[in-house]
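File shown here: run_7.cif, holding mmCIF, N, CA and C atoms.
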```
data_coords
#
loop_
_atom_site.label_atom_id
_atom_site.label_comp_id
_atom_site.auth_asym_id
_atom_site.auth_seq_id
_atom_site.Cartn_x
_atom_site.Cartn_y
_atom_site.Cartn_z
N MET A 1 0.84 -1.19 0.00
CA MET A 1 0.00 0.00 0.00
C MET A 1 0.88 1.24 0.00
N SER A 2 2.02 1.17 -0.58
CA SER A 2 2.96 2.28 -0.74
C SER A 2 3.25 2.97 0.58
N ASP A 3 3.48 4.26 0.52
CA ASP A 3 3.86 4.99 1.73
C ASP A 3 2.68 5.70 2.39
N PHE A 4 1.47 5.32 2.03
CA PHE A 4 0.29 5.93 2.64
C PHE A 4 -0.25 5.04 3.74
N ARG A 5 -0.54 5.64 4.85
CA ARG A 5 -1.11 4.91 5.98
C ARG A 5 -2.63 5.00 5.91
N GLU A 6 -3.29 4.23 6.75
CA GLU A 6 -4.75 4.28 6.78
C GLU A 6 -5.22 5.64 7.31
N GLU A 7 -4.42 6.27 8.16
CA GLU A 7 -4.77 7.60 8.66
C GLU A 7 -4.82 8.61 7.51
N ASP A 8 -3.90 8.44 6.54
CA ASP A 8 -3.91 9.33 5.37
C ASP A 8 -5.20 9.14 4.58
N LEU A 9 -5.63 7.88 4.43
CA LEU A 9 -6.86 7.61 3.70
C LEU A 9 -8.07 8.20 4.42
N LEU A 10 -8.06 8.10 5.76
CA LEU A 10 -9.15 8.68 6.55
C LEU A 10 -9.16 10.20 6.43
N GLU A 11 -7.99 10.81 6.47
CA GLU A 11 -7.91 12.27 6.33
C GLU A 11 -8.39 12.70 4.95
N ALA A 12 -8.07 11.91 3.92
CA ALA A 12 -8.52 12.24 2.58
C ALA A 12 -10.04 12.12 2.49
N ALA A 13 -10.61 11.09 3.08
CA ALA A 13 -12.06 10.90 3.05
C ALA A 13 -12.77 12.01 3.81
N ALA A 14 -12.15 12.51 4.88
CA ALA A 14 -12.75 13.57 5.68
C ALA A 14 -12.47 14.95 5.10
N GLY A 15 -11.62 15.03 4.07
CA GLY A 15 -11.29 16.31 3.47
C GLY A 15 -10.28 17.09 4.27
N GLN A 16 -9.47 16.40 5.07
CA GLN A 16 -8.51 17.09 5.92
C GLN A 16 -7.07 16.91 5.47
N LEU A 17 -6.86 16.19 4.39
CA LEU A 17 -5.50 15.97 3.89
C LEU A 17 -5.07 17.20 3.08
N ASP A 18 -3.83 17.65 3.31
CA ASP A 18 -3.37 18.85 2.59
C ASP A 18 -3.24 18.56 1.09
N ALA A 19 -3.28 19.61 0.28
CA ALA A 19 -3.36 19.49 -1.18
C ALA A 19 -2.18 18.73 -1.80
N PRO A 20 -0.93 19.01 -1.42
CA PRO A 20 0.17 18.26 -2.05
C PRO A 20 0.10 16.76 -1.75
N ARG A 21 -0.23 16.46 -0.51
CA ARG A 21 -0.31 15.03 -0.12
C ARG A 21 -1.50 14.37 -0.82
N LEU A 22 -2.60 15.10 -1.02
CA LEU A 22 -3.77 14.56 -1.72
C LEU A 22 -3.44 14.27 -3.18
N ARG A 23 -2.67 15.15 -3.81
CA ARG A 23 -2.24 14.89 -5.20
C ARG A 23 -1.37 13.66 -5.28
N GLN A 24 -0.49 13.47 -4.29
CA GLN A 24 0.35 12.27 -4.25
C GLN A 24 -0.51 11.02 -4.09
N LEU A 25 -1.55 11.12 -3.23
CA LEU A 25 -2.44 9.98 -3.02
C LEU A 25 -3.20 9.65 -4.30
N ASP A 26 -3.69 10.66 -4.99
CA ASP A 26 -4.40 10.42 -6.25
C ASP A 26 -3.50 9.73 -7.27
N ALA A 27 -2.25 10.18 -7.37
CA ALA A 27 -1.31 9.57 -8.31
C ALA A 27 -1.00 8.13 -7.92
N ALA A 28 -0.84 7.89 -6.62
CA ALA A 28 -0.55 6.53 -6.15
C ALA A 28 -1.74 5.61 -6.39
N CYS A 29 -2.96 6.14 -6.23
CA CYS A 29 -4.16 5.33 -6.47
C CYS A 29 -4.29 4.99 -7.96
N ALA A 30 -3.83 5.88 -8.82
CA ALA A 30 -3.88 5.61 -10.27
C ALA A 30 -2.90 4.50 -10.63
N ARG A 31 -1.78 4.39 -9.92
CA ARG A 31 -0.78 3.36 -10.19
C ARG A 31 -1.10 2.05 -9.51
N ASP A 32 -1.68 2.09 -8.28
CA ASP A 32 -1.88 0.88 -7.48
C ASP A 32 -3.37 0.61 -7.29
N PRO A 33 -3.90 -0.45 -7.93
CA PRO A 33 -5.32 -0.74 -7.79
C PRO A 33 -5.70 -1.17 -6.36
N HIS A 34 -4.77 -1.81 -5.67
CA HIS A 34 -5.05 -2.22 -4.28
C HIS A 34 -5.26 -0.98 -3.39
N LEU A 35 -4.41 0.03 -3.57
CA LEU A 35 -4.55 1.27 -2.81
C LEU A 35 -5.85 1.99 -3.18
N ALA A 36 -6.21 1.96 -4.46
CA ALA A 36 -7.46 2.60 -4.89
C ALA A 36 -8.66 1.89 -4.28
N ALA A 37 -8.61 0.55 -4.21
CA ALA A 37 -9.70 -0.20 -3.60
C ALA A 37 -9.80 0.10 -2.11
N GLU A 38 -8.66 0.18 -1.46
CA GLU A 38 -8.66 0.49 -0.02
C GLU A 38 -9.20 1.91 0.22
N ARG A 39 -8.82 2.85 -0.63
CA ARG A 39 -9.31 4.22 -0.50
C ARG A 39 -10.82 4.26 -0.71
N ALA A 40 -11.32 3.53 -1.69
CA ALA A 40 -12.76 3.50 -1.93
C ALA A 40 -13.49 2.89 -0.73
N ARG A 41 -12.90 1.83 -0.13
CA ARG A 41 -13.52 1.21 1.05
C ARG A 41 -13.59 2.20 2.21
N VAL A 42 -12.50 2.92 2.46
CA VAL A 42 -12.47 3.89 3.57
C VAL A 42 -13.46 5.02 3.31
N GLU A 43 -13.54 5.50 2.07
CA GLU A 43 -14.48 6.58 1.76
C GLU A 43 -15.92 6.11 1.90
N ARG A 44 -16.21 4.86 1.51
CA ARG A 44 -17.55 4.30 1.71
C ARG A 44 -17.91 4.24 3.19
N LEU A 45 -16.96 3.78 3.99
CA LEU A 45 -17.18 3.72 5.44
C LEU A 45 -17.39 5.12 6.02
N TRP A 46 -16.60 6.08 5.53
CA TRP A 46 -16.72 7.44 6.04
C TRP A 46 -18.09 8.04 5.73
N ARG A 47 -18.56 7.82 4.51
CA ARG A 47 -19.87 8.35 4.13
C ARG A 47 -21.00 7.66 4.87
N SER A 48 -20.79 6.42 5.31
CA SER A 48 -21.85 5.70 6.01
C SER A 48 -21.99 6.13 7.46
N LEU A 49 -20.99 6.84 7.96
CA LEU A 49 -21.07 7.30 9.36
C LEU A 49 -22.09 8.40 9.49
N GLU A 50 -22.81 8.38 10.58
CA GLU A 50 -23.78 9.44 10.87
C GLU A 50 -23.42 10.04 12.23
N PRO A 51 -23.63 11.31 12.36
CA PRO A 51 -23.36 11.90 13.68
C PRO A 51 -24.33 11.34 14.71
N ALA A 52 -23.85 11.24 15.92
CA ALA A 52 -24.68 10.72 17.00
C ALA A 52 -25.84 11.68 17.26
N SER A 53 -26.99 11.13 17.49
CA SER A 53 -28.14 11.99 17.78
C SER A 53 -28.03 12.51 19.21
N PRO A 54 -28.44 13.73 19.42
CA PRO A 54 -28.36 14.28 20.78
C PRO A 54 -29.30 13.52 21.70
N SER A 55 -28.82 13.17 22.85
CA SER A 55 -29.65 12.44 23.79
C SER A 55 -30.02 13.34 24.96
N ARG A 56 -31.15 13.06 25.52
CA ARG A 56 -31.60 13.84 26.67
C ARG A 56 -30.91 13.34 27.93
N VAL A 57 -30.75 14.22 28.86
CA VAL A 57 -30.16 13.85 30.14
C VAL A 57 -31.19 13.05 30.92
N PRO A 58 -30.79 11.93 31.51
CA PRO A 58 -31.76 11.13 32.26
C PRO A 58 -32.37 11.91 33.42
N PHE A 59 -33.60 11.57 33.75
CA PHE A 59 -34.31 12.24 34.84
C PHE A 59 -33.55 12.04 36.14
N GLY A 60 -33.35 13.12 36.88
CA GLY A 60 -32.69 13.07 38.18
C GLY A 60 -31.17 13.05 38.11
N PHE A 61 -30.61 13.22 36.93
CA PHE A 61 -29.16 13.16 36.77
C PHE A 61 -28.47 14.26 37.57
N ALA A 62 -28.97 15.49 37.45
CA ALA A 62 -28.35 16.61 38.16
C ALA A 62 -28.41 16.41 39.67
N THR A 63 -29.51 15.87 40.15
CA THR A 63 -29.65 15.62 41.59
C THR A 63 -28.64 14.58 42.06
N ARG A 64 -28.47 13.52 41.26
CA ARG A 64 -27.51 12.48 41.64
C ARG A 64 -26.08 13.00 41.62
N VAL A 65 -25.76 13.82 40.63
CA VAL A 65 -24.41 14.37 40.55
C VAL A 65 -24.15 15.31 41.73
N THR A 66 -25.12 16.14 42.06
CA THR A 66 -24.97 17.05 43.19
C THR A 66 -24.81 16.28 44.50
N ALA A 67 -25.63 15.25 44.68
CA ALA A 67 -25.53 14.44 45.91
C ALA A 67 -24.17 13.77 46.01
N ARG A 68 -23.69 13.26 44.90
CA ARG A 68 -22.37 12.61 44.91
C ARG A 68 -21.26 13.61 45.19
N ALA A 69 -21.38 14.82 44.62
CA ALA A 69 -20.36 15.85 44.85
C ALA A 69 -20.32 16.24 46.33
N PHE A 70 -21.48 16.39 46.94
CA PHE A 70 -21.51 16.73 48.36
C PHE A 70 -20.98 15.59 49.21
N ALA A 71 -21.25 14.35 48.82
CA ALA A 71 -20.77 13.20 49.58
C ALA A 71 -19.25 13.09 49.48
N GLU A 72 -18.71 13.35 48.31
CA GLU A 72 -17.27 13.23 48.13
C GLU A 72 -16.50 14.47 48.55
N ARG A 73 -17.20 15.59 48.70
CA ARG A 73 -16.52 16.83 49.05
C ARG A 73 -15.85 16.72 50.41
N SER A 74 -16.51 16.08 51.36
CA SER A 74 -15.93 15.99 52.69
C SER A 74 -14.71 15.08 52.70
N GLU A 75 -14.66 14.09 51.80
CA GLU A 75 -13.53 13.18 51.76
C GLU A 75 -12.41 13.72 50.88
N ALA A 76 -12.74 14.59 49.96
CA ALA A 76 -11.78 14.98 48.93
C ALA A 76 -10.64 15.82 49.49
N PHE A 77 -10.91 16.74 50.40
CA PHE A 77 -9.87 17.64 50.87
C PHE A 77 -9.52 17.32 52.31
N SER A 78 -8.36 16.77 52.48
CA SER A 78 -7.85 16.50 53.81
C SER A 78 -6.34 16.63 53.74
N LEU A 79 -5.77 17.36 54.66
CA LEU A 79 -4.32 17.54 54.65
C LEU A 79 -3.59 16.23 54.94
N ARG A 80 -4.27 15.30 55.60
CA ARG A 80 -3.63 14.02 55.88
C ARG A 80 -3.38 13.23 54.60
N MET A 81 -4.20 13.48 53.57
CA MET A 81 -4.04 12.77 52.31
C MET A 81 -2.99 13.42 51.41
N MET A 82 -2.56 14.62 51.73
CA MET A 82 -1.62 15.35 50.90
C MET A 82 -0.19 14.89 51.17
N PRO A 83 0.68 15.02 50.18
CA PRO A 83 2.09 14.69 50.40
C PRO A 83 2.72 15.64 51.41
N GLY A 84 3.83 15.24 51.94
CA GLY A 84 4.50 16.03 52.97
C GLY A 84 4.89 17.42 52.51
N TRP A 85 5.36 17.54 51.26
CA TRP A 85 5.79 18.85 50.77
C TRP A 85 4.62 19.80 50.64
N VAL A 86 3.41 19.27 50.36
CA VAL A 86 2.23 20.14 50.28
C VAL A 86 1.86 20.64 51.67
N ARG A 87 1.90 19.74 52.64
CA ARG A 87 1.58 20.15 54.01
C ARG A 87 2.61 21.16 54.53
N LEU A 88 3.87 20.95 54.20
CA LEU A 88 4.91 21.88 54.61
C LEU A 88 4.69 23.25 53.97
N GLY A 89 4.34 23.25 52.69
CA GLY A 89 4.07 24.51 51.99
C GLY A 89 2.88 25.25 52.58
N ALA A 90 1.82 24.50 52.92
CA ALA A 90 0.63 25.13 53.51
C ALA A 90 0.96 25.72 54.88
N ALA A 91 1.73 24.98 55.67
CA ALA A 91 2.09 25.47 57.01
C ALA A 91 2.97 26.71 56.90
N SER A 92 3.94 26.68 55.96
CA SER A 92 4.80 27.87 55.83
C SER A 92 4.03 29.07 55.33
N ALA A 93 3.06 28.86 54.42
CA ALA A 93 2.26 29.99 53.94
C ALA A 93 1.42 30.57 55.08
N LEU A 94 0.88 29.70 55.92
CA LEU A 94 0.10 30.17 57.07
C LEU A 94 0.98 30.98 58.03
N ILE A 95 2.15 30.45 58.32
CA ILE A 95 3.05 31.15 59.26
C ILE A 95 3.50 32.48 58.66
N ALA A 96 3.83 32.49 57.37
CA ALA A 96 4.26 33.74 56.73
C ALA A 96 3.13 34.76 56.72
N GLY A 97 1.89 34.32 56.47
CA GLY A 97 0.76 35.24 56.47
C GLY A 97 0.52 35.84 57.84
N VAL A 98 0.59 35.02 58.87
CA VAL A 98 0.40 35.52 60.23
C VAL A 98 1.53 36.50 60.59
N ALA A 99 2.76 36.15 60.23
CA ALA A 99 3.88 37.03 60.55
C ALA A 99 3.75 38.36 59.82
N LEU A 100 3.36 38.33 58.56
CA LEU A 100 3.18 39.59 57.82
C LEU A 100 2.04 40.41 58.40
N GLY A 101 0.96 39.76 58.78
CA GLY A 101 -0.17 40.48 59.38
C GLY A 101 0.21 41.13 60.70
N VAL A 102 0.91 40.39 61.53
CA VAL A 102 1.34 40.95 62.82
C VAL A 102 2.34 42.08 62.59
N GLY A 103 3.26 41.87 61.65
CA GLY A 103 4.24 42.92 61.37
C GLY A 103 3.60 44.17 60.82
N ALA A 104 2.63 44.02 59.93
CA ALA A 104 1.95 45.19 59.38
C ALA A 104 1.16 45.91 60.46
N GLY A 105 0.52 45.17 61.34
CA GLY A 105 -0.22 45.80 62.44
C GLY A 105 0.71 46.52 63.41
N TRP A 106 1.86 45.92 63.67
CA TRP A 106 2.81 46.53 64.58
C TRP A 106 3.38 47.81 63.97
N LEU A 107 3.73 47.74 62.67
CA LEU A 107 4.27 48.93 62.02
C LEU A 107 3.23 50.04 61.94
N ARG A 108 1.99 49.70 61.67
CA ARG A 108 0.94 50.72 61.60
C ARG A 108 0.70 51.33 62.97
N GLY A 109 0.73 50.50 64.00
CA GLY A 109 0.56 51.03 65.35
C GLY A 109 1.69 51.96 65.74
N ALA A 110 2.92 51.58 65.38
CA ALA A 110 4.08 52.42 65.70
C ALA A 110 4.03 53.73 64.91
N ALA A 111 3.62 53.65 63.66
CA ALA A 111 3.54 54.86 62.84
C ALA A 111 2.42 55.77 63.33
N GLY A 112 1.30 55.18 63.77
CA GLY A 112 0.17 55.98 64.26
C GLY A 112 0.50 56.68 65.56
N SER A 113 1.19 56.00 66.47
CA SER A 113 1.53 56.65 67.75
C SER A 113 2.62 57.70 67.54
N ALA A 114 3.51 57.48 66.55
CA ALA A 114 4.54 58.48 66.29
C ALA A 114 3.92 59.73 65.68
N ALA A 115 2.86 59.58 64.92
CA ALA A 115 2.21 60.73 64.29
C ALA A 115 1.22 61.40 65.24
N GLY A 116 1.02 60.81 66.42
CA GLY A 116 0.09 61.40 67.39
C GLY A 116 -1.36 61.05 67.11
N LEU A 117 -1.59 60.02 66.34
CA LEU A 117 -2.97 59.61 66.04
C LEU A 117 -3.46 58.67 67.13
N GLU A 118 -4.62 58.92 67.57
CA GLU A 118 -5.22 58.07 68.60
C GLU A 118 -6.37 57.29 67.95
N PRO A 119 -6.70 56.13 68.48
CA PRO A 119 -7.82 55.39 67.93
C PRO A 119 -9.12 56.18 68.06
N THR A 120 -10.04 55.97 67.14
CA THR A 120 -11.29 56.72 67.13
C THR A 120 -12.31 56.15 68.10
N TRP A 121 -12.15 54.97 68.55
CA TRP A 121 -13.12 54.41 69.48
C TRP A 121 -12.74 54.77 70.91
N THR A 122 -13.74 54.90 71.74
CA THR A 122 -13.48 55.29 73.12
C THR A 122 -14.00 54.27 74.11
N SER A 123 -14.86 53.36 73.65
CA SER A 123 -15.38 52.37 74.60
C SER A 123 -14.40 51.21 74.71
N ASP A 124 -14.65 50.37 75.69
CA ASP A 124 -13.71 49.28 75.96
C ASP A 124 -13.86 48.10 75.01
N SER A 125 -15.01 47.94 74.40
CA SER A 125 -15.18 46.77 73.54
C SER A 125 -15.64 47.19 72.16
N TRP A 126 -15.34 46.37 71.19
CA TRP A 126 -15.75 46.64 69.81
C TRP A 126 -17.26 46.58 69.70
N ALA A 127 -17.88 45.69 70.44
CA ALA A 127 -19.34 45.55 70.36
C ALA A 127 -20.03 46.84 70.81
N GLU A 128 -19.54 47.43 71.89
CA GLU A 128 -20.15 48.67 72.38
C GLU A 128 -19.95 49.81 71.37
N SER A 129 -18.77 49.90 70.79
CA SER A 129 -18.55 50.98 69.82
C SER A 129 -19.40 50.75 68.57
N TYR A 130 -19.58 49.51 68.18
CA TYR A 130 -20.43 49.22 67.03
C TYR A 130 -21.87 49.60 67.32
N LEU A 131 -22.33 49.27 68.52
CA LEU A 131 -23.71 49.60 68.88
C LEU A 131 -23.89 51.11 68.96
N ASP A 132 -22.90 51.83 69.48
CA ASP A 132 -22.99 53.29 69.53
C ASP A 132 -23.09 53.87 68.12
N GLU A 133 -22.26 53.40 67.20
CA GLU A 133 -22.31 53.89 65.82
C GLU A 133 -23.65 53.55 65.17
N LEU A 134 -24.14 52.36 65.45
CA LEU A 134 -25.41 51.93 64.87
C LEU A 134 -26.56 52.79 65.40
N GLU A 135 -26.54 53.09 66.68
CA GLU A 135 -27.58 53.95 67.24
C GLU A 135 -27.53 55.35 66.64
N GLN A 136 -26.34 55.88 66.42
CA GLN A 136 -26.23 57.20 65.80
C GLN A 136 -26.74 57.19 64.36
N ASP A 137 -26.47 56.12 63.64
CA ASP A 137 -26.91 56.03 62.24
C ASP A 137 -28.42 55.87 62.15
N LEU A 138 -29.01 55.15 63.10
CA LEU A 138 -30.43 54.86 63.02
C LEU A 138 -31.31 55.86 63.76
N SER A 139 -30.70 56.81 64.42
CA SER A 139 -31.51 57.76 65.17
C SER A 139 -32.32 58.62 64.20
N LEU A 140 -33.57 58.75 64.49
CA LEU A 140 -34.48 59.53 63.65
C LEU A 140 -34.45 60.99 64.11
N PRO A 141 -34.53 61.91 63.18
CA PRO A 141 -34.57 63.31 63.61
C PRO A 141 -35.89 63.57 64.36
N GLU A 142 -35.78 64.39 65.40
CA GLU A 142 -36.98 64.67 66.18
C GLU A 142 -37.89 65.60 65.40
N ALA A 143 -39.17 65.36 65.57
CA ALA A 143 -40.18 66.16 64.84
C ALA A 143 -40.27 67.52 65.50
N GLU A 144 -40.31 68.56 64.68
CA GLU A 144 -40.44 69.90 65.23
C GLU A 144 -41.90 70.18 65.52
N SER A 145 -42.16 70.81 66.64
CA SER A 145 -43.55 71.14 66.94
C SER A 145 -43.82 72.59 66.80
#
```
This entry written out as structure tokens:
Amino acid sequence: MSDFREEDLLEAAAGQLDAPRLRQLDAACARDPHLAAERARVERLWRSLEPASPSRVPFGFATRVTARAFAERSEAFSLRMMPGWVRLGAASALIAGVALGVGAGWLRGAAGSAAGLEPTWTSDSWAESYLDELEQDLSLPEAES
């Protein structure tokens, strides 16, 4: 069958073979009747193929997929299942993040006290200051009589 493979014959039948190679195939088919017969067989098979008809999704498929995803979600992510280098990387990223956060807070506090800036809250707890701000925002103007 000369230097043409069956993939070349399939590409020719599908119209995907480049022009120079297609001319070579045509010339080879004119010289070799066995190759011409094989090419005709492949083209007949190609034309007999039909695209698959679209099928509907089975009833309840989305529900089953969602249920399975939720069931496997709890098992899928666990640091115990990860390799050691992944756990080491996660731990170092956590430590670096905490260190950067503490350092940024410390530097901001030092810069604020050096500039003479005092915190804007005056109560002892965040909850009380939040409630005070909320009461000020929600206070209705008194009706004039």
Inset, instruction - If you run DSSP over the backbone, which residues in stretch 39-111 of chain A end up alpha helix (DSSP H)? Put them as a PyMOL selection string. - result: chain A and resi 39-48+61-76+84-111
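Nearest to A:Val42 of all the residues A:Leu17, A:Ala90, A:Ala12, A:Val65 is A:Ala12, based on all atoms listed in the file.
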Legend entry - Test item: the PyMOL selection byres (((chain A and resi 25-37 and name CA) around 12) and name CA) resolved as a list in words: Met1, Ser2, Asp3, Phe4, Arg5, Glu6, Asp8, Leu9, Leu10, Glu11, Ala12, Ala13, Leu17, Asp18, Ala19, Pro20, Arg21, Leu22, Arg23, Gln24, Glu38, Arg39, Ala40, Arg41, Val42, Glu43 and Arg44 of chain A
Inset, instruction - State, in Å with one decimal place, the distance from atom N of A:Glu7 to atom N of A:Trp46. - result: 12.5 Å
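Atom N of A:Leu45 sits 14.7 Å away from atom N of A:Gln16.
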Please report, as lines of an AutoDock Vina configuration file, the centre and edge lengths in Å to one decimal of an axis-aligned box covering all listed atoms of stretch 41-53 of chain A with 3 Å per side.
```
center_x = -20.3
center_y = 6.9
center_z = 9.5
size_x = 21.7
size_y = 17.3
size_z = 25.3
```
